[in-house]
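Undergrad: Below is the file input-v1.cif, with mmCIF, C-alpha atoms.
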data_entry
#
loop_
_atom_site.label_atom_id
_atom_site.label_comp_id
_atom_site.auth_asym_id
_atom_site.auth_seq_id
_atom_site.Cartn_x
_atom_site.Cartn_y
_atom_site.Cartn_z
CA PHE A 1 128.08 121.70 367.53
CA ASP A 2 126.85 118.14 367.15
CA THR A 3 129.48 115.47 366.56
CA ALA A 4 129.26 112.69 363.99
CA PRO A 5 131.29 109.49 364.56
CA ILE A 6 133.63 108.83 361.63
CA ASP A 7 134.84 105.43 360.41
CA ILE A 8 138.41 106.47 359.56
CA SER A 9 139.47 103.29 357.73
CA SER A 10 136.28 103.37 355.65
CA LEU A 11 136.86 107.02 354.74
CA GLU A 12 140.48 106.36 353.77
CA ALA A 13 139.37 103.52 351.50
CA TYR A 14 136.76 105.81 349.95
CA ILE A 15 139.39 108.42 349.07
CA VAL A 16 141.50 105.74 347.38
CA TRP A 17 138.45 104.45 345.51
CA LEU A 18 137.53 107.96 344.37
CA ASN A 19 140.92 108.58 342.81
CA THR A 20 141.76 105.15 341.40
CA LYS A 21 138.69 103.10 340.54
CA THR A 22 135.56 105.19 340.05
CA SER A 23 134.53 106.70 336.73
CA LYS A 24 131.00 107.80 337.67
CA PHE A 25 131.82 111.39 338.71
CA PRO A 26 132.81 114.31 336.44
CA PRO A 27 136.19 115.90 337.26
CA ALA A 28 134.77 118.88 339.17
CA LYS A 29 132.62 116.69 341.42
CA LEU A 30 135.46 114.23 341.93
CA GLN A 31 137.67 117.08 343.12
CA ALA A 32 134.97 118.44 345.43
CA LEU A 33 134.29 115.01 346.97
CA THR A 34 137.99 114.37 347.49
CA SER A 35 138.41 117.78 349.13
CA GLN A 36 135.47 117.21 351.49
CA ALA A 37 136.62 113.69 352.34
CA MET A 38 140.16 114.87 353.08
CA GLN A 39 138.82 117.67 355.29
CA ILE A 40 136.64 115.25 357.28
CA LEU A 41 139.47 112.72 357.54
CA ALA A 42 141.96 115.29 358.83
CA VAL A 43 139.55 116.52 361.50
CA ALA A 44 138.52 112.98 362.50
CA LYS A 45 142.15 111.93 362.95
CA TYR A 46 142.78 114.98 365.12
CA THR A 47 139.67 114.37 367.27
CA ASN A 48 140.15 110.61 367.47
CA GLY A 49 137.17 109.69 365.31
CA PHE A 50 134.64 112.54 365.42
CA PHE A 51 133.60 115.35 363.09
CA PRO A 52 131.92 118.46 364.59
CA GLN A 53 128.93 119.88 362.70
CA ARG A 54 127.92 123.48 363.35
CA ARG A 55 124.23 123.73 364.24
CA LYS A 56 121.93 125.88 362.09
CA PRO A 57 118.42 125.51 363.60
CA SER A 58 115.43 126.47 361.48
CA GLU A 59 112.47 128.54 362.65
CA PHE A 60 110.09 125.58 362.24
CA GLY A 61 112.10 123.20 364.42
CA ARG A 62 114.27 121.12 362.11
CA MET A 63 118.00 121.05 362.81
CA TYR A 64 120.25 121.86 359.85
CA TYR A 65 124.04 122.16 359.81
CA ALA A 66 126.25 124.85 358.31
CA GLY A 67 129.11 123.79 356.05
CA VAL A 68 130.22 120.20 355.51
CA SER A 69 128.10 117.69 357.43
CA VAL A 70 126.64 114.20 357.21
CA GLN A 71 123.39 115.87 356.22
CA ASN A 72 124.55 117.61 353.07
CA VAL A 73 127.42 115.60 351.53
CA ASP A 74 127.04 113.17 348.64
CA LYS A 75 125.48 109.86 349.68
CA THR A 76 128.62 107.93 348.71
CA LEU A 77 130.70 110.09 351.05
CA ARG A 78 128.06 109.79 353.77
CA ARG A 79 128.28 106.00 353.63
CA ALA A 80 132.07 106.14 353.79
CA MET A 81 132.02 108.52 356.77
CA LEU A 82 129.66 106.38 358.81
CA GLY A 83 130.97 102.97 357.76
CA ASN A 84 129.09 99.91 358.99
CA CYS A 85 125.63 101.23 359.89
CA TRP A 86 121.99 101.23 358.86
CA GLU A 87 120.48 103.75 356.45
CA TYR A 88 116.79 104.65 356.75
CA ASP A 89 114.83 105.99 353.79
CA VAL A 90 113.68 109.43 354.90
CA ARG A 91 111.37 109.75 351.90
CA ALA A 92 109.16 106.98 353.31
CA ALA A 93 109.53 108.00 356.95
CA VAL A 94 106.36 110.10 357.19
CA ILE A 95 104.26 107.38 355.53
CA THR A 96 105.77 104.67 357.74
CA TRP A 97 105.09 106.77 360.86
CA LYS A 98 101.47 107.39 359.85
CA LEU A 99 100.97 103.66 359.26
CA THR A 100 101.68 103.02 362.95
CA PHE A 101 98.15 104.40 363.53
CA ALA A 102 96.53 102.30 360.79
CA GLU A 103 95.55 99.35 362.98
CA ASP A 104 93.65 101.50 365.47
CA LEU A 105 91.99 103.52 362.72
CA ALA A 106 90.98 100.41 360.75
CA LYS A 107 88.97 99.13 363.74
CA LYS A 108 86.93 102.33 363.70
CA LEU A 109 86.48 102.46 359.93
CA ASP A 110 85.45 98.83 359.41
CA PRO A 111 86.01 96.28 362.20
CA THR A 112 85.27 93.44 359.77
CA LYS A 113 88.38 94.17 357.70
CA SER A 114 92.02 94.06 358.79
CA TYR A 115 94.20 97.15 358.56
CA GLN A 116 96.22 95.33 355.87
CA GLN A 117 93.08 95.22 353.72
CA GLN A 118 92.13 98.82 354.38
CA PHE A 119 95.60 100.36 353.98
CA TRP A 120 97.14 98.06 351.41
CA ALA A 121 98.43 100.80 349.09
CA SER A 122 100.39 102.59 351.82
CA ILE A 123 101.73 99.26 353.10
CA LEU A 124 102.76 98.31 349.56
CA TYR A 125 104.68 101.58 349.20
CA VAL A 126 106.61 100.92 352.41
CA THR A 127 107.17 97.15 352.12
CA GLY A 128 106.91 96.48 348.38
CA ARG A 129 108.35 99.62 346.84
CA LYS A 130 109.59 97.87 343.70
CA GLU A 131 106.12 96.54 342.84
CA PHE A 132 104.44 99.86 343.75
CA MET A 133 106.79 101.82 341.50
CA ARG A 134 106.52 99.35 338.62
CA ASP A 135 102.72 99.49 338.48
CA VAL A 136 102.42 103.27 339.00
CA ARG A 137 105.20 103.94 336.50
CA ALA A 138 103.43 101.84 333.86
CA GLU A 139 100.13 103.65 334.45
CA THR A 140 101.72 107.12 334.50
CA PHE A 141 104.37 107.10 331.80
CA GLY A 142 103.63 104.08 329.61
CA ARG A 143 106.37 102.90 327.27
CA ASP A 144 107.02 105.96 325.10
CA SER A 145 107.59 108.85 327.50
CA GLY A 146 111.24 109.31 326.55
CA LEU A 147 112.22 109.70 330.23
CA ALA A 148 114.75 107.42 331.90
CA VAL A 149 113.20 104.88 334.29
CA ASP A 150 115.24 106.24 337.22
CA PHE A 151 113.92 109.74 336.53
CA GLN A 152 110.34 108.45 336.28
CA ASP A 153 110.77 106.72 339.64
CA SER A 154 112.22 109.91 341.13
CA LEU A 155 109.16 111.92 340.04
CA ILE A 156 106.77 109.30 341.44
CA LYS A 157 108.64 109.17 344.77
CA GLN A 158 108.52 112.94 345.11
CA ALA A 159 104.82 113.03 344.22
CA VAL A 160 103.97 110.24 346.68
CA THR A 161 105.99 111.97 349.41
CA ALA A 162 104.18 115.25 348.72
CA ILE A 163 100.81 113.50 349.03
CA GLY A 164 101.99 111.89 352.29
CA PHE A 165 102.73 115.38 353.59
CA GLY A 166 99.28 116.62 352.58
CA ALA A 167 99.77 118.00 349.06
CA ARG A 168 96.60 118.68 347.11
CA ALA A 169 95.99 115.70 344.84
CA ASN A 170 94.53 117.58 341.89
CA ASN A 171 95.43 119.52 338.76
CA ASN A 172 93.84 122.82 339.75
CA GLY A 173 95.70 125.83 341.06
CA TRP A 174 94.26 128.65 343.13
CA ARG A 175 94.63 132.40 343.58
CA GLU A 176 96.03 133.74 346.85
CA ALA A 177 94.53 136.77 348.64
CA ASN A 178 97.31 138.94 347.18
CA GLY A 179 96.29 137.93 343.66
CA GLU A 180 99.19 135.57 343.04
CA TRP A 181 98.40 132.30 341.25
CA VAL A 182 99.68 129.14 342.97
CA ASN A 183 99.88 125.65 341.48
CA PRO A 184 99.72 122.46 343.56
CA SER A 185 103.12 120.86 344.18
CA LEU A 186 102.15 117.91 341.95
CA VAL A 187 101.90 120.30 338.99
CA SER A 188 105.52 121.35 339.44
CA LEU A 189 106.68 117.76 340.02
CA ILE A 190 104.93 116.01 337.11
CA GLN A 191 104.75 118.86 334.64
CA ASN A 192 103.27 116.96 331.70
CA GLN A 193 99.51 117.32 332.17
CA GLU A 194 98.59 113.99 330.55
CA GLU A 195 101.11 112.10 332.66
CA ARG A 196 99.92 113.92 335.79
CA GLU A 197 96.30 113.02 335.05
CA ARG A 198 97.26 109.38 334.47
CA PHE A 199 99.18 109.39 337.76
CA LEU A 200 96.18 110.75 339.67
CA SER A 201 93.78 108.30 338.02
CA CYS A 202 96.00 105.27 338.70
CA PRO A 203 94.00 102.90 340.99
CA ILE A 204 96.95 102.38 343.35
CA VAL A 205 97.52 106.13 343.67
CA GLN A 206 93.82 106.81 344.21
CA GLN A 207 93.73 104.23 347.00
CA PHE A 208 96.93 105.66 348.47
CA ILE A 209 95.41 109.16 348.47
CA ARG A 210 92.25 107.90 350.23
CA GLU A 211 94.31 106.12 352.88
CA GLN A 212 96.51 109.14 353.54
CA ALA A 213 93.45 111.41 353.83
CA GLN A 214 91.92 109.02 356.37
CA LEU A 215 95.13 108.92 358.40
CA ASP A 216 95.50 112.70 358.24
CA LYS A 217 91.96 113.22 359.56
CA TYR A 218 92.48 110.64 362.31
CA LEU A 219 95.68 112.34 363.45
CA ALA A 220 94.16 115.81 363.29
CA ASP A 221 91.04 114.75 365.22
CA GLY A 222 93.18 113.05 367.85
CA MET A 223 95.35 116.09 368.28
CA LYS A 224 92.31 118.37 368.48
CA GLU A 225 90.95 116.20 371.29
CA GLU A 226 94.16 115.52 373.25
CA MET A 227 96.12 118.75 372.61
CA PRO A 228 93.61 121.50 371.83
CA ASP A 229 95.99 124.19 373.07
CA VAL A 230 98.42 123.19 370.32
CA TYR A 231 95.85 122.41 367.64
CA PHE A 232 94.11 125.78 367.93
CA SER A 233 97.34 127.74 368.35
CA PRO A 234 99.06 129.78 365.59
CA LEU A 235 101.43 126.82 365.09
CA VAL A 236 98.80 124.96 363.03
CA THR A 237 98.00 126.47 359.64
#
Would you write out, as structure tokens, the structure that this file holds?
TA:
Amino acid sequence: FDTAPIDISSLEAYIVWLNTKTSKFPPAKLQALTSQAMQILAVAKYTNGFFPQRRKPSEFGRMYYAGVSVQNVDKTLRRAMLGNCWEYDVRAAVITWKLTFAEDLAKKLDPTKSYQQQFWASILYVTGRKEFMRDVRAETFGRDSGLAVDFQDSLIKQAVTAIGFGARANNNGWREANGEWVNPSLVSLIQNQEERERFLSCPIVQQFIREQAQLDKYLADGMKEEMPDVYFSPLVT
């Protein structure tokens, strides 16, 4: 087990809020959240402020947890469990991490330009998300898509995250050796072909894709040079 520290007073206040003041959850979800919160509260009171989470390691190295855990509860309950703390946006984590190499890479690509000039789209996504989303949303969906703005933003975030992880930035699928047809992840995320094409032709997105490709190559080349035993092992596909 791993243990999560629980803010008991915050969790108690959350349970009161759930059952007296909120109207945002349907009855079934309200009941499920209350049940989970009561379970965590009871355990935390017994253990003097901690909640054990049963480990469920994955084959590729990430640690998951079985049952109720900080990792898989609703975000409102997560905030109540942890109380006064910082929350980091995991969706941007990979892009933020890759940007830590941007200054070194920029010197090799063009020493006359700063890394802020060369990687402005990725920096904008991390530090100016609101402006990034506004401009890409306008280019992708226009004014008459019929989709809620929050849903449009959700699709863009997922697509940008997929590109950051190396997704193919195109509309074309391919056939596997077994004959099965596979579409790029962007096709399943932004299913409307016209909207997907507008997303991929958006100048900010095109610049972002170029920057991520440059960072990916830099990281891969560095790993090939410094850790060839890992790079050329079956771990890398």
Undergrad: Using all atoms listed in the file, can you tell me which of A:Asp144, A:Glu59, A:Glu139, A:Glu131 comes closest to Phe199 in chain A?
TA: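 Of A:Asp144, A:Glu59, A:Glu139, A:Glu131, the one nearest Phe199 in chain A is A:Glu139, counting all atoms listed in the file.
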Undergrad: Which residue, A:Pro203, A:Pro57, A:Gly179, A:Gly164, has the smallest gap to Val94 in chain A when you use all atoms listed in the file?
TA: A:Gly164
Undergrad: Run the PyMOL selection byres ((chain A and resi 2-5) around 12) mentally over the shown coordinates, then write out the matched residues as a ChimeraX atom specification, using the chain letters and numbers from the document.
TA: /A:1,6-8,10-11,40-41,43-45,47-57,63-66,68-71,78-85
Undergrad: Rank nothing, just name the residue among A:Gln206, A:Gln36, A:Thr76, A:Thr161 nearest to Leu186 in chain A, using all atoms listed in the file.
TA: A:Thr161
Undergrad: Neighbouring residues of Arg134 in chain A were defined as those with any atom within 12 Å, considering all atoms listed in the file; residues of the same chain fewer than 2 positions away were excluded. Please report them as a VMD selection string.
TA: chain A and resid 124 to 125 128 to 132 136 to 143 149 to 150 152 to 153 156 to 157 204
Undergrad: Suppose we keep C-alpha atoms; can you now write the selection as a PDB file, keeping the file's coordinate frame?
TA:
ATOM      1  CA  LEU A 124     102.760  98.310 349.560  1.00  0.00           C
ATOM      2  CA  TYR A 125     104.680 101.580 349.200  1.00  0.00           C
ATOM      3  CA  GLY A 128     106.910  96.480 348.380  1.00  0.00           C
ATOM      4  CA  ARG A 129     108.350  99.620 346.840  1.00  0.00           C
ATOM      5  CA  LYS A 130     109.590  97.870 343.700  1.00  0.00           C
ATOM      6  CA  GLU A 131     106.120  96.540 342.840  1.00  0.00           C
ATOM      7  CA  PHE A 132     104.440  99.860 343.750  1.00  0.00           C
ATOM      8  CA  VAL A 136     102.420 103.270 339.000  1.00  0.00           C
ATOM      9  CA  ARG A 137     105.200 103.940 336.500  1.00  0.00           C
ATOM     10  CA  ALA A 138     103.430 101.840 333.860  1.00  0.00           C
ATOM     11  CA  GLU A 139     100.130 103.650 334.450  1.00  0.00           C
ATOM     12  CA  THR A 140     101.720 107.120 334.500  1.00  0.00           C
ATOM     13  CA  PHE A 141     104.370 107.100 331.800  1.00  0.00           C
ATOM     14  CA  GLY A 142     103.630 104.080 329.610  1.00  0.00           C
ATOM     15  CA  ARG A 143     106.370 102.900 327.270  1.00  0.00           C
ATOM     16  CA  VAL A 149     113.200 104.880 334.290  1.00  0.00           C
ATOM     17  CA  ASP A 150     115.240 106.240 337.220  1.00  0.00           C
ATOM     18  CA  GLN A 152     110.340 108.450 336.280  1.00  0.00           C
ATOM     19  CA  ASP A 153     110.770 106.720 339.640  1.00  0.00           C
ATOM     20  CA  ILE A 156     106.770 109.300 341.440  1.00  0.00           C
ATOM     21  CA  LYS A 157     108.640 109.170 344.770  1.00  0.00           C
ATOM     22  CA  ILE A 204      96.950 102.380 343.350  1.00  0.00           C
TER      23      ILE A 204
END
Undergrad: Of the candidates A:Tyr218, A:Trp181, A:Phe60, A:Tyr231, which one gets nearest to Glu103 in chain A if we count all atoms listed in the file?
TA: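 Looking at the shortest contact to Glu103 in chain A, the residue is A:Tyr218.
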Undergrad: Distance CA of Gly146 in chain A-CA of Ile163 in chain A, one decimal place?
TA: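 Value for the CA of Gly146 in chain A-CA of Ile163 in chain A distance: 25.1 Å.
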Undergrad: Closest to Ala220 in chain A among A:Ala106, A:Phe232, A:Ser201, A:Gln118, using only C-alpha atoms?
TA: A:Phe232
Undergrad: Would you compute the distance between CA of Ser9 in chain A and CA of Leu30 in chain A? Give it in Å to one decimal.
TA: 19.6 Å
Undergrad: Using all atoms listed in the file, which residues sit within 12 Å of Ala93 in chain A once same-chain residues fewer than 2 positions away are excluded, as a ChimeraX atom specification?
TA: /A:87-91,95-100,122,125-126,160-161,164-165
Undergrad: Could you check how far CA of Leu189 in chain A sits from CA of Asp135 in chain A, in Å to one decimal?
TA: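 Between these atoms lies a distance of 18.8 Å.
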Undergrad: On this structure, the PyMOL selection byres ((chain A and resi 187) around 12) would catch which residues? List them as a PyMOL selection string, sorted by chain and number.
TA: chain A and resi 155+158-159+162+167-173+182-186+188-197+199-200
Undergrad: Okay, now the selection with C-alpha atoms, as a CSV table (one decimal), keeping the file's coordinate frame?
TA:
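Saved file part.csv follows:
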chain,number,residue,atom,x,y,z
A,155,LEU,CA,109.2,111.9,340.0
A,158,GLN,CA,108.5,112.9,345.1
A,159,ALA,CA,104.8,113.0,344.2
A,162,ALA,CA,104.2,115.2,348.7
A,167,ALA,CA,99.8,118.0,349.1
A,168,ARG,CA,96.6,118.7,347.1
A,169,ALA,CA,96.0,115.7,344.8
A,170,ASN,CA,94.5,117.6,341.9
A,171,ASN,CA,95.4,119.5,338.8
A,172,ASN,CA,93.8,122.8,339.8
A,173,GLY,CA,95.7,125.8,341.1
A,182,VAL,CA,99.7,129.1,343.0
A,183,ASN,CA,99.9,125.6,341.5
A,184,PRO,CA,99.7,122.5,343.6
A,185,SER,CA,103.1,120.9,344.2
A,186,LEU,CA,102.2,117.9,342.0
A,188,SER,CA,105.5,121.4,339.4
A,189,LEU,CA,106.7,117.8,340.0
A,190,ILE,CA,104.9,116.0,337.1
A,191,GLN,CA,104.8,118.9,334.6
A,192,ASN,CA,103.3,117.0,331.7
A,193,GLN,CA,99.5,117.3,332.2
A,194,GLU,CA,98.6,114.0,330.6
A,195,GLU,CA,101.1,112.1,332.7
A,196,ARG,CA,99.9,113.9,335.8
A,197,GLU,CA,96.3,113.0,335.0
A,199,PHE,CA,99.2,109.4,337.8
A,200,LEU,CA,96.2,110.8,339.7
Undergrad: Using all atoms listed in the file, which of the listed residues (A:Met133, A:Pro111, A:Glu225, A:Leu105) sits closest to Glu211 in chain A?
TA: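 Selected residue with least distance to Glu211 in chain A: A:Leu105.
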